[in-house]
Amino acid sequence: CDMVVVFARWMYELSSGAYAVSSVHLSRYEVSLFFFFNDTATTEIYTLSLHAALPISGQFNLPHGIVVDRSGRVFVADRENSRIQIFSSDGELLNIWDWVNRPCDLLLDQPENLYIAELGWSFVPSPKIHFKLMQMPPIGHDPVARVTVCDLDGNVQSRFGGSNPILPGNFVSSHGIWADSRGDIYVGEVVKTSGAIELFAPLTPHSFQKFIRAK
């Protein structure tokens, strides 16, 4: 079967009038796809594709989050390659951050602090039909799920999340992140498909946490 299904996860409009889309592209070739297209949604401008067994610069294995800064740079959470790739608004690869732990969601606040929800390896992902999930952390990576706040050059400003995922303030699997106008942070977690509900029973693992910005 050659049928292709594209799930668009996040979309950002660029200053050029094009759009940046983080998506999952499923076919018999198990391809993850990230692309730009114009406002008619018909003409593809730039395509980066071809899921590979080994991470290749400019290609993706489950692109899971995307933000665009004021200068037009596009930050993509390349989750199952455990890295963030940074592109110009024309699709040119500018930089790769490989120090993150399976980045799952990105948030850019008004002062342009970048918040990264990192899934980590607190729970080893089970094999999937359509995705080649990273079963263990790269050498030198802390396996914990966490949240990192950094500037747009990748300088870490804050980081939290510890090794015991059931404790408040730590994470089972930090999957989604947002912040309000006060700077308080909200983190959603995956507790069902990760197996945390069964593992921690009769305890109930947290699936949503709020962190209040210190004065």
# chains A, B, ... in the order shown; residues from 1 in each chain; ligands from 1
call {"tool": "residues_around", "arguments": {"residues": "Lys210 in chain A", "least_positions_apart": "3", "cutoff": "12 Å", "atoms": "only C-alpha atoms", "output": "PyMOL selection string"}}
result
chain A and resi 168-171+176-180+183-189+206-207+213
call {"tool": "write_last_selection", "arguments": {"atoms": "N, CA and C atoms", "output": "PDB file, in the first residue's frame"}}
result
ATOM      1  N   PRO A 168       6.315  14.895  43.377  1.00  0.00           N
ATOM      2  CA  PRO A 168       5.928  16.202  42.819  1.00  0.00           C
ATOM      3  C   PRO A 168       7.164  17.015  42.433  1.00  0.00           C
ATOM      4  N   GLY A 169       7.100  17.661  41.286  1.00  0.00           N
ATOM      5  CA  GLY A 169       8.236  18.432  40.791  1.00  0.00           C
ATOM      6  C   GLY A 169       9.137  17.653  39.858  1.00  0.00           C
ATOM      7  N   ASN A 170       9.011  16.320  39.876  1.00  0.00           N
ATOM      8  CA  ASN A 170       9.688  15.474  38.894  1.00  0.00           C
ATOM      9  C   ASN A 170       8.678  15.061  37.831  1.00  0.00           C
ATOM     10  N   PHE A 171       9.139  14.334  36.831  1.00  0.00           N
ATOM     11  CA  PHE A 171       8.264  14.036  35.700  1.00  0.00           C
ATOM     12  C   PHE A 171       8.287  12.563  35.334  1.00  0.00           C
ATOM     13  N   GLY A 176       4.018  18.049  27.140  1.00  0.00           N
ATOM     14  CA  GLY A 176       3.544  19.342  26.648  1.00  0.00           C
ATOM     15  C   GLY A 176       3.848  20.429  27.642  1.00  0.00           C
ATOM     16  N   ILE A 177       4.098  21.648  27.167  1.00  0.00           N
ATOM     17  CA  ILE A 177       4.490  22.734  28.066  1.00  0.00           C
ATOM     18  C   ILE A 177       3.894  24.051  27.595  1.00  0.00           C
ATOM     19  N   TRP A 178       3.512  24.888  28.564  1.00  0.00           N
ATOM     20  CA  TRP A 178       3.017  26.227  28.266  1.00  0.00           C
ATOM     21  C   TRP A 178       3.318  27.125  29.460  1.00  0.00           C
ATOM     22  N   ALA A 179       3.253  28.433  29.239  1.00  0.00           N
ATOM     23  CA  ALA A 179       3.456  29.407  30.318  1.00  0.00           C
ATOM     24  C   ALA A 179       2.403  30.502  30.185  1.00  0.00           C
ATOM     25  N   ASP A 180       1.975  31.064  31.314  1.00  0.00           N
ATOM     26  CA  ASP A 180       0.997  32.146  31.258  1.00  0.00           C
ATOM     27  C   ASP A 180       1.687  33.499  31.345  1.00  0.00           C
ATOM     28  N   GLY A 183       4.354  34.085  33.914  1.00  0.00           N
ATOM     29  CA  GLY A 183       5.563  33.281  33.833  1.00  0.00           C
ATOM     30  C   GLY A 183       5.443  31.936  34.516  1.00  0.00           C
ATOM     31  N   ASP A 184       4.251  31.605  35.031  1.00  0.00           N
ATOM     32  CA  ASP A 184       4.036  30.279  35.609  1.00  0.00           C
ATOM     33  C   ASP A 184       4.038  29.246  34.479  1.00  0.00           C
ATOM     34  N   ILE A 185       4.594  28.073  34.768  1.00  0.00           N
ATOM     35  CA  ILE A 185       4.785  27.034  33.752  1.00  0.00           C
ATOM     36  C   ILE A 185       3.818  25.880  34.009  1.00  0.00           C
ATOM     37  N   TYR A 186       3.232  25.364  32.934  1.00  0.00           N
ATOM     38  CA  TYR A 186       2.307  24.237  33.003  1.00  0.00           C
ATOM     39  C   TYR A 186       2.876  23.098  32.163  1.00  0.00           C
ATOM     40  N   VAL A 187       2.963  21.914  32.770  1.00  0.00           N
ATOM     41  CA  VAL A 187       3.551  20.756  32.080  1.00  0.00           C
ATOM     42  C   VAL A 187       2.562  19.599  32.096  1.00  0.00           C
ATOM     43  N   GLY A 188       2.228  19.098  30.913  1.00  0.00           N
ATOM     44  CA  GLY A 188       1.385  17.912  30.785  1.00  0.00           C
ATOM     45  C   GLY A 188       2.249  16.681  30.539  1.00  0.00           C
ATOM     46  N   GLU A 189       1.828  15.565  31.134  1.00  0.00           N
ATOM     47  CA  GLU A 189       2.616  14.338  31.033  1.00  0.00           C
ATOM     48  C   GLU A 189       1.796  13.185  30.475  1.00  0.00           C
ATOM     49  N   HIS A 206       1.162  11.833  38.674  1.00  0.00           N
ATOM     50  CA  HIS A 206       0.637  13.113  38.212  1.00  0.00           C
ATOM     51  C   HIS A 206       0.704  13.188  36.692  1.00  0.00           C
ATOM     52  N   SER A 207      -0.315  13.787  36.096  1.00  0.00           N
ATOM     53  CA  SER A 207      -0.350  13.957  34.647  1.00  0.00           C
ATOM     54  C   SER A 207      -0.301  15.429  34.251  1.00  0.00           C
ATOM     55  N   ARG A 213       6.306  30.850  39.025  1.00  0.00           N
ATOM     56  CA  ARG A 213       7.552  31.617  38.837  1.00  0.00           C
ATOM     57  C   ARG A 213       7.959  32.284  40.139  1.00  0.00           C
TER      58      ARG A 213
END
call {"tool": "select_by_dssp", "arguments": {"residues": "range 58-174 of chain A", "states": "strand (DSSP E)", "output": "ChimeraX atom specification"}}
result
/A:63-68,74-78,83-87,93-97,103-108,114-118,146-150,156-160,174
call {"tool": "residues_around", "arguments": {"residues": "range 110-115 of chain A", "least_positions_apart": "2", "cutoff": "7 Å", "atoms": "only C-alpha atoms", "output": "list in words"}}
result
Leu106, Leu107, Leu108, Ala117, Thr148, Val149, Cys150, Asp151 and Leu152 of chain A
call {"tool": "closest_residue", "arguments": {"among": "A:Arg102, A:His64, A:Lys215, A:His141", "to": "Ser173 in chain A", "atoms": "only C-alpha atoms"}}
result
A:Arg102
call {"tool": "closest_residue", "arguments": {"among": "A:Asp98, A:Phe87, A:Ser158, A:Ser194", "to": "Leu119 in chain A", "atoms": "only C-alpha atoms"}}
result
A:Ser194
